[in-house]
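Trainee: Pasting final_21.txt here (compact mmCIF, C-alpha atoms):
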# COMPACT_ATOMS: atom_id res chain seq x y z
CA MET E 1 -8.14 8.34 10.05
CA THR E 2 -9.48 11.76 9.11
CA TYR E 3 -7.57 14.09 6.83
CA SER E 4 -8.02 17.81 7.33
CA VAL E 5 -5.71 18.86 4.48
CA VAL E 6 -4.34 17.01 1.46
CA ARG E 7 -2.27 19.07 -0.92
CA LYS E 8 0.00 18.57 -3.87
CA VAL E 9 3.44 19.96 -3.05
CA ALA E 10 5.44 19.18 -6.20
CA GLU E 11 5.46 17.55 -9.63
CA ALA E 12 8.23 16.80 -12.08
CA ASN E 13 9.26 14.64 -15.01
CA PHE E 14 10.47 11.24 -13.81
CA PRO E 15 12.37 8.98 -16.24
CA THR E 16 12.80 5.41 -14.94
CA ARG E 17 14.09 2.12 -16.31
CA TRP E 18 10.42 1.21 -16.72
CA GLY E 19 9.62 4.25 -18.82
CA GLN E 20 8.76 7.94 -18.63
CA PHE E 21 6.52 8.96 -15.72
CA ARG E 22 5.54 12.20 -14.09
CA ILE E 23 5.98 12.16 -10.30
CA TYR E 24 3.64 14.03 -7.96
CA GLY E 25 4.31 14.63 -4.28
CA PHE E 26 1.38 14.91 -1.87
CA GLU E 27 1.14 15.67 1.83
CA GLY E 28 -1.79 14.85 4.08
CA GLU E 29 -2.42 15.95 7.66
CA PHE E 30 -4.43 13.41 9.60
CA GLU E 31 -5.57 12.34 13.02
CA ILE E 32 -4.27 8.98 14.17
CA PRO E 33 -7.05 6.81 15.65
CA PRO E 34 -7.04 6.33 19.45
CA ALA E 35 -6.38 2.58 19.05
CA VAL E 36 -3.18 3.29 17.16
CA ALA E 37 -2.15 5.98 19.64
CA LYS E 38 -2.71 3.49 22.45
CA SER E 39 -0.46 0.90 20.80
CA ASN E 40 2.20 3.62 20.60
CA GLY E 41 1.89 4.33 24.31
CA ASN E 42 -0.53 7.23 24.06
CA GLY E 43 -4.22 6.90 24.77
CA HIS E 44 -5.45 9.96 22.91
CA SER E 45 -5.51 10.97 19.27
CA GLU E 46 -2.66 12.94 17.75
CA ARG E 47 -2.13 14.71 14.46
CA PHE E 48 0.55 13.64 12.03
CA LYS E 49 1.58 14.35 8.49
CA GLU E 50 1.91 11.62 5.90
CA GLU E 51 3.61 11.95 2.53
CA ALA E 52 3.00 9.91 -0.60
CA VAL E 53 3.96 10.06 -4.24
CA ALA E 54 2.10 9.21 -7.42
CA LEU E 55 3.90 8.02 -10.55
CA VAL E 56 1.68 8.83 -13.50
CA MET E 57 2.08 7.57 -17.05
CA GLY E 58 0.05 8.41 -20.14
CA ASP E 59 -3.56 9.50 -20.47
CA ILE E 60 -5.29 8.62 -17.19
CA HIS E 61 -8.59 10.26 -18.12
CA ALA E 62 -9.62 8.52 -21.34
CA ALA E 63 -10.72 5.44 -19.37
CA PRO E 64 -10.46 4.20 -15.79
CA PRO E 65 -6.67 3.86 -15.35
CA ILE E 66 -4.74 0.95 -13.92
CA VAL E 67 -3.80 1.89 -10.36
CA ARG E 68 -1.56 0.31 -7.76
CA ILE E 69 -1.51 1.61 -4.16
CA HIS E 70 1.76 0.29 -2.80
CA SER E 71 2.71 0.45 0.87
CA GLN E 72 6.35 1.24 1.53
CA CYS E 73 8.48 -1.82 2.26
CA LEU E 74 12.12 -0.90 2.78
CA THR E 75 13.16 -4.50 3.29
CA GLY E 76 11.47 -5.75 0.13
CA ASP E 77 11.49 -2.78 -2.23
CA VAL E 78 15.08 -1.69 -1.51
CA PHE E 79 16.89 -4.73 -0.11
CA HIS E 80 15.02 -7.38 -2.15
CA SER E 81 13.85 -9.29 0.94
CA MET E 82 12.45 -12.73 0.16
CA ARG E 83 10.28 -12.78 3.30
CA CYS E 84 7.48 -10.99 1.42
CA ASP E 85 6.12 -10.37 -2.07
CA CYS E 86 6.25 -6.57 -1.91
CA ARG E 87 9.00 -5.91 -4.45
CA GLN E 88 7.54 -8.49 -6.82
CA GLN E 89 4.17 -6.75 -6.64
CA LEU E 90 5.80 -3.34 -7.17
CA GLU E 91 7.57 -4.54 -10.29
CA LEU E 92 4.44 -6.31 -11.53
CA ALA E 93 2.47 -3.08 -11.14
CA LEU E 94 5.04 -0.95 -12.96
CA SER E 95 5.35 -3.42 -15.83
CA THR E 96 1.54 -3.68 -16.12
CA ILE E 97 1.17 0.11 -16.25
CA VAL E 98 3.93 0.41 -18.86
CA LYS E 99 2.41 -2.36 -20.99
CA ALA E 100 -0.96 -0.57 -20.91
CA GLY E 101 0.68 2.76 -21.70
CA ALA E 102 -1.13 4.55 -18.90
CA GLY E 103 -1.69 4.25 -15.17
CA ILE E 104 -0.84 5.42 -11.69
CA LEU E 105 1.35 3.96 -8.98
CA ILE E 106 0.82 5.51 -5.54
CA TYR E 107 3.61 4.83 -3.05
CA GLU E 108 2.49 5.34 0.55
CA GLN E 109 4.56 5.60 3.73
CA GLN E 110 2.84 2.70 5.50
CA GLU E 111 5.78 0.50 6.49
CA GLY E 112 4.83 -2.80 8.08
CA ARG E 113 1.09 -2.31 7.41
CA GLY E 114 1.31 0.91 9.38
CA ILE E 115 3.27 -0.18 12.47
CA GLY E 116 6.60 1.29 11.32
CA LEU E 117 10.00 -0.10 10.40
CA MET E 118 11.39 -0.90 13.85
CA ALA E 119 8.19 -2.64 14.94
CA LYS E 120 8.24 -4.59 11.69
CA LEU E 121 11.76 -5.79 12.44
CA GLN E 122 10.63 -6.81 15.93
CA ALA E 123 7.84 -8.76 14.26
CA TYR E 124 10.44 -10.45 12.04
CA GLU E 125 12.25 -11.55 15.20
CA LEU E 126 9.08 -13.12 16.56
CA GLN E 127 8.38 -14.77 13.22
CA ASP E 128 11.83 -16.37 13.41
CA LYS E 129 10.59 -17.97 16.63
CA GLY E 130 7.56 -19.50 14.93
CA LEU E 131 4.82 -16.85 14.98
CA ASP E 132 3.08 -15.83 11.78
CA THR E 133 2.73 -12.18 10.75
CA VAL E 134 -0.64 -11.70 12.44
CA GLU E 135 0.45 -13.42 15.66
CA ALA E 136 3.66 -11.37 15.78
CA ASN E 137 1.78 -8.07 15.51
CA VAL E 138 -0.61 -9.10 18.28
CA GLU E 139 2.28 -10.20 20.49
CA LEU E 140 3.79 -6.72 20.09
CA GLY E 141 0.49 -5.09 21.04
CA TYR E 142 -0.56 -4.03 17.56
CA ASP E 143 -3.55 -4.79 15.39
CA ASN E 144 -2.72 -6.65 12.21
CA ASP E 145 -3.23 -3.76 9.79
CA TYR E 146 -3.55 -0.03 10.48
CA ARG E 147 -3.60 1.11 6.88
CA GLU E 148 -6.34 3.32 5.54
CA TYR E 149 -6.55 4.66 2.03
CA LYS E 150 -8.13 8.11 2.33
CA LEU E 151 -4.90 9.85 1.34
CA PRO E 152 -4.53 7.81 -1.89
CA ALA E 153 -8.22 8.33 -2.63
CA GLU E 154 -7.85 12.10 -2.30
CA MET E 155 -4.69 12.01 -4.41
CA LEU E 156 -6.64 10.24 -7.14
CA ARG E 157 -9.41 12.83 -6.96
CA GLN E 158 -6.89 15.66 -7.24
CA LEU E 159 -5.48 13.91 -10.31
CA GLY E 160 -9.00 13.90 -11.77
CA VAL E 161 -9.60 10.16 -11.33
CA THR E 162 -12.71 8.71 -9.67
CA GLU E 163 -12.79 5.24 -11.30
CA VAL E 164 -9.88 2.80 -11.33
CA ARG E 165 -8.74 -0.67 -12.32
CA LEU E 166 -6.97 -1.64 -9.12
CA ILE E 167 -4.00 -4.00 -8.93
CA SER E 168 -4.46 -5.74 -5.58
CA ASN E 169 -5.12 -9.07 -3.87
CA ASN E 170 -6.58 -7.31 -0.83
CA PRO E 171 -10.39 -7.00 -0.76
CA ASP E 172 -10.12 -4.58 2.19
CA LYS E 173 -8.23 -2.15 -0.05
CA VAL E 174 -10.99 -2.34 -2.66
CA ALA E 175 -13.64 -1.72 0.00
CA ALA E 176 -11.68 1.17 1.54
CA LEU E 177 -11.37 2.95 -1.81
CA GLU E 178 -15.07 2.46 -2.49
CA ARG E 179 -15.92 3.94 0.93
CA ALA E 180 -13.70 6.91 0.12
CA GLY E 181 -15.61 7.57 -3.10
CA ILE E 182 -13.33 5.92 -5.68
CA THR E 183 -15.10 3.31 -7.80
CA VAL E 184 -13.11 0.14 -8.47
CA VAL E 185 -14.43 -1.02 -11.85
CA GLU E 186 -11.99 -3.96 -11.99
CA ARG E 187 -9.64 -5.74 -9.62
CA ILE E 188 -6.46 -6.96 -11.30
CA SER E 189 -4.61 -9.77 -9.54
CA ALA E 190 -1.25 -8.94 -7.95
CA GLU E 191 -0.42 -12.59 -7.34
CA VAL E 192 3.22 -13.46 -7.98
CA GLU E 193 5.37 -16.58 -7.90
CA PRO E 194 6.27 -17.13 -4.23
CA TYR E 195 9.72 -17.58 -2.81
CA GLU E 196 10.10 -20.59 -0.54
CA SER E 197 10.82 -18.20 2.33
CA SER E 198 7.60 -16.22 1.72
CA GLU E 199 5.19 -19.16 1.57
CA GLN E 200 4.01 -18.91 5.20
CA TYR E 201 3.66 -15.14 4.83
CA LEU E 202 1.38 -15.59 1.82
CA ARG E 203 -0.55 -18.42 3.45
CA THR E 204 -1.26 -16.16 6.43
CA LYS E 205 -2.40 -13.40 4.10
CA LYS E 206 -4.95 -15.74 2.56
CA GLU E 207 -6.13 -17.63 5.65
CA LYS E 208 -6.16 -14.81 8.22
CA MET E 209 -6.47 -11.63 6.15
CA GLY E 210 -8.71 -12.80 3.32
CA HIS E 211 -6.34 -11.96 0.47
CA LEU E 212 -7.37 -13.42 -2.89
CA LEU E 213 -4.58 -15.85 -3.71
CA ASN E 214 -5.52 -18.66 -6.07
CA GLY E 215 -2.28 -20.58 -5.65
CA TRP E 216 -2.90 -21.38 -1.98
As structure tokens, please, write out the structure in this file.
Mentor:
Amino acid sequence: MTYSVVRKVAEANFPTRWGQFRIYGFEGEFEIPPAVAKSNGNGHSERFKEEAVALVMGDIHAAPPIVRIHSQCLTGDVFHSMRCDCRQQLELALSTIVKAGAGILIYEQQEGRGIGLMAKLQAYELQDKGLDTVEANVELGYDNDYREYKLPAEMLRQLGVTEVRLISNNPDKVAALERAGITVVERISAEVEPYESSEQYLRTKKEKMGHLLNGW
């Protein structure tokens, strides 16, 4: 995914129940890879715009800040779904940043690991029939994960950050940031207590996607 333009479009004070942040809005124009275009019924690359926000707290330049890159999950973040650990990880990240007094949470529009909300719900339907998350994506004609992290990396650079302490269980996310020129000086675990209904989801993350989950 190649970005031709990434720009900051807005910033404002942002009080939350977690504490006082400053919110930044960014917009990136990118080219969707041919493989993704094919899965969407189009065999050639197209250009799209993606938006993301950064919640920034405290002094993020005195030392490598704590950073969480969080992919949008309407079902988990908004509706408190217990099929996944997304909301738990979001709350863990915010509480960790607040406890440290400084950090950045980037919230990306990458629903369903990049396949979109409706496709994610179709994958839920297949999972109800016994498929795991990887198998469901394949059955629908998608790869397991389309996310790339060049937009968050550029957002961090525009915020003056090139080294981070990243909250993530996903080694691919660490590697992607490193490839994009952001040094991950420390990986902080995002492992949370699982719900009974999310156990298979987490097991698949570990066994098929290589996520670093000690409890499994």
Trainee: Measuring between all atoms listed in the file, which one of E:Ser71, E:Ser197, E:Gln122, E:Gln127 shows the shortest distance to Leu90 of chain E?
Mentor: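 Of E:Ser71, E:Ser197, E:Gln122, E:Gln127, the one nearest Leu90 of chain E is E:Ser71, counting all atoms listed in the file.
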Trainee: Counting only C-alpha atoms, what is within 12 Å of Asp128 of chain E, bar same-chain residues fewer than 4 positions away, as number ranges by chain?
Mentor: E: 83, 121-124, 132-133, 135-136, 197, 200-201
Trainee: Which residues come within 8 Å of segment 177-181 of chain E, counting only C-alpha atoms, excluding same-chain residues fewer than 3 positions away, as a list in words?
Mentor: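 Listed by chain and then number, they are Tyr149, Lys150, Ala153, Thr162, Lys173, Val174 and Val184 of chain E.
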Trainee: For segment 46-60 of chain E, list every protein, DNA or RNA residue within 9 Å, evaluated using all atoms listed in the file, and leave out those in the same chain fewer than 6 positions away; present the list as an MDAnalysis selection string.
Mentor: chainID E and resid 14 19:34 37 66 97:98 101:110 151:152 155:156 159:161
Trainee: Please return as a ChimeraX atom specification every residue within 7 Å of (6.7, 1.6, -12.1), taking into account all atoms listed in the file and the file's own coordinates.
Mentor: /E:18,91,93-95,105
Trainee: At what distance in Å, to one decimal, does atom CA of Val134 of chain E lie from atom CA of Cys73 of chain E?
Mentor: 16.9 Å
Trainee: Of the candidates E:Glu111, E:Ile167, E:Gly141, E:Asp85, which shows the shortest atom-to-atom distance to Glu199 of chain E, using all atoms listed in the file?
Mentor: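 Once distances to Glu199 of chain E are computed over all atoms listed in the file, the minimum belongs to E:Asp85.
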Trainee: Using only C-alpha atoms, can you tell me which of E:Arg68, E:Met82, E:Ala12, E:Asp143 comes closest to Leu166 of chain E?
Mentor: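 Distance minimum relative to Leu166 of chain E lands on E:Arg68.
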Trainee: Any idea what the distance is between atom CA of Glu163 of chain E and atom CA of Ala176 of chain E?
Mentor: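 Spanning atom CA of Glu163 of chain E to atom CA of Ala176 of chain E is a straight-line distance of 13.5 Å.
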Trainee: Between atom CA of Arg165 of chain E and atom CA of Val78 of chain E, what is the distance, to one decimal in Å?
Mentor: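 Computing the Euclidean distance for atom CA of Arg165 of chain E and atom CA of Val78 of chain E yields 26.2 Å.
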Trainee: Please produce segment 118-150 of chain E, completed to N, CA and C atoms, as a compact mmCIF listing (two decimals), keeping the file's coordinate frame.
Mentor:
# COMPACT_ATOMS: atom_id res chain seq x y z
N MET E 118 10.80 -0.21 12.72
CA MET E 118 11.39 -0.90 13.85
C MET E 118 10.45 -1.97 14.41
N ALA E 119 9.16 -1.64 14.47
CA ALA E 119 8.19 -2.64 14.94
C ALA E 119 8.11 -3.81 13.96
N LYS E 120 8.24 -3.52 12.68
CA LYS E 120 8.24 -4.59 11.69
C LYS E 120 9.42 -5.53 11.90
N LEU E 121 10.59 -4.96 12.19
CA LEU E 121 11.76 -5.79 12.44
C LEU E 121 11.59 -6.61 13.72
N GLN E 122 10.94 -6.03 14.72
CA GLN E 122 10.63 -6.81 15.93
C GLN E 122 9.69 -7.96 15.60
N ALA E 123 8.75 -7.70 14.70
CA ALA E 123 7.84 -8.76 14.26
C ALA E 123 8.60 -9.85 13.51
N TYR E 124 9.59 -9.47 12.70
CA TYR E 124 10.44 -10.45 12.04
C TYR E 124 11.10 -11.38 13.08
N GLU E 125 11.59 -10.77 14.16
CA GLU E 125 12.25 -11.55 15.20
C GLU E 125 11.31 -12.59 15.79
N LEU E 126 10.07 -12.18 16.02
CA LEU E 126 9.08 -13.12 16.56
C LEU E 126 8.71 -14.18 15.53
N GLN E 127 8.67 -13.79 14.26
CA GLN E 127 8.38 -14.77 13.22
C GLN E 127 9.49 -15.82 13.13
N ASP E 128 10.73 -15.41 13.39
CA ASP E 128 11.83 -16.37 13.41
C ASP E 128 11.66 -17.41 14.52
N LYS E 129 10.84 -17.06 15.52
CA LYS E 129 10.59 -17.97 16.63
C LYS E 129 9.33 -18.81 16.42
N GLY E 130 8.69 -18.64 15.26
CA GLY E 130 7.56 -19.50 14.93
C GLY E 130 6.22 -18.84 14.78
N LEU E 131 6.10 -17.54 15.12
CA LEU E 131 4.82 -16.85 14.98
C LEU E 131 4.61 -16.45 13.52
N ASP E 132 3.34 -16.37 13.11
CA ASP E 132 3.08 -15.83 11.78
C ASP E 132 2.97 -14.31 11.88
N THR E 133 2.72 -13.64 10.76
CA THR E 133 2.73 -12.18 10.75
C THR E 133 1.63 -11.59 11.62
N VAL E 134 0.47 -12.19 11.61
CA VAL E 134 -0.64 -11.70 12.44
C VAL E 134 -0.32 -11.91 13.92
N GLU E 135 0.12 -13.11 14.27
CA GLU E 135 0.45 -13.42 15.66
C GLU E 135 1.56 -12.52 16.20
N ALA E 136 2.55 -12.21 15.36
CA ALA E 136 3.66 -11.37 15.78
C ALA E 136 3.18 -9.96 16.09
N ASN E 137 2.31 -9.41 15.24
CA ASN E 137 1.78 -8.07 15.51
C ASN E 137 1.02 -8.03 16.83
N VAL E 138 0.18 -9.04 17.05
CA VAL E 138 -0.61 -9.10 18.28
C VAL E 138 0.30 -9.21 19.50
N GLU E 139 1.34 -10.03 19.39
CA GLU E 139 2.28 -10.20 20.49
C GLU E 139 2.96 -8.88 20.85
N LEU E 140 3.16 -8.02 19.86
CA LEU E 140 3.79 -6.72 20.09
C LEU E 140 2.79 -5.66 20.54
N GLY E 141 1.51 -6.02 20.59
CA GLY E 141 0.49 -5.09 21.04
C GLY E 141 -0.16 -4.29 19.93
N TYR E 142 0.02 -4.73 18.70
CA TYR E 142 -0.56 -4.03 17.56
C TYR E 142 -1.71 -4.83 16.97
N ASP E 143 -2.61 -4.11 16.27
CA ASP E 143 -3.55 -4.79 15.39
C ASP E 143 -2.77 -5.27 14.16
N ASN E 144 -3.43 -6.08 13.35
CA ASN E 144 -2.72 -6.65 12.21
C ASN E 144 -2.45 -5.64 11.11
N ASP E 145 -3.37 -4.67 10.92
CA ASP E 145 -3.23 -3.76 9.79
C ASP E 145 -3.86 -2.42 10.13
N TYR E 146 -3.05 -1.37 10.16
CA TYR E 146 -3.55 -0.03 10.48
C TYR E 146 -3.77 0.83 9.24
N ARG E 147 -3.55 0.28 8.08
CA ARG E 147 -3.60 1.11 6.88
C ARG E 147 -5.02 1.55 6.54
N GLU E 148 -5.13 2.81 6.15
CA GLU E 148 -6.34 3.32 5.54
C GLU E 148 -5.92 3.98 4.23
N TYR E 149 -6.90 4.25 3.39
CA TYR E 149 -6.55 4.66 2.03
C TYR E 149 -7.23 5.97 1.64
N LYS E 150 -7.50 6.82 2.64
CA LYS E 150 -8.13 8.11 2.33
C LYS E 150 -7.15 9.06 1.64
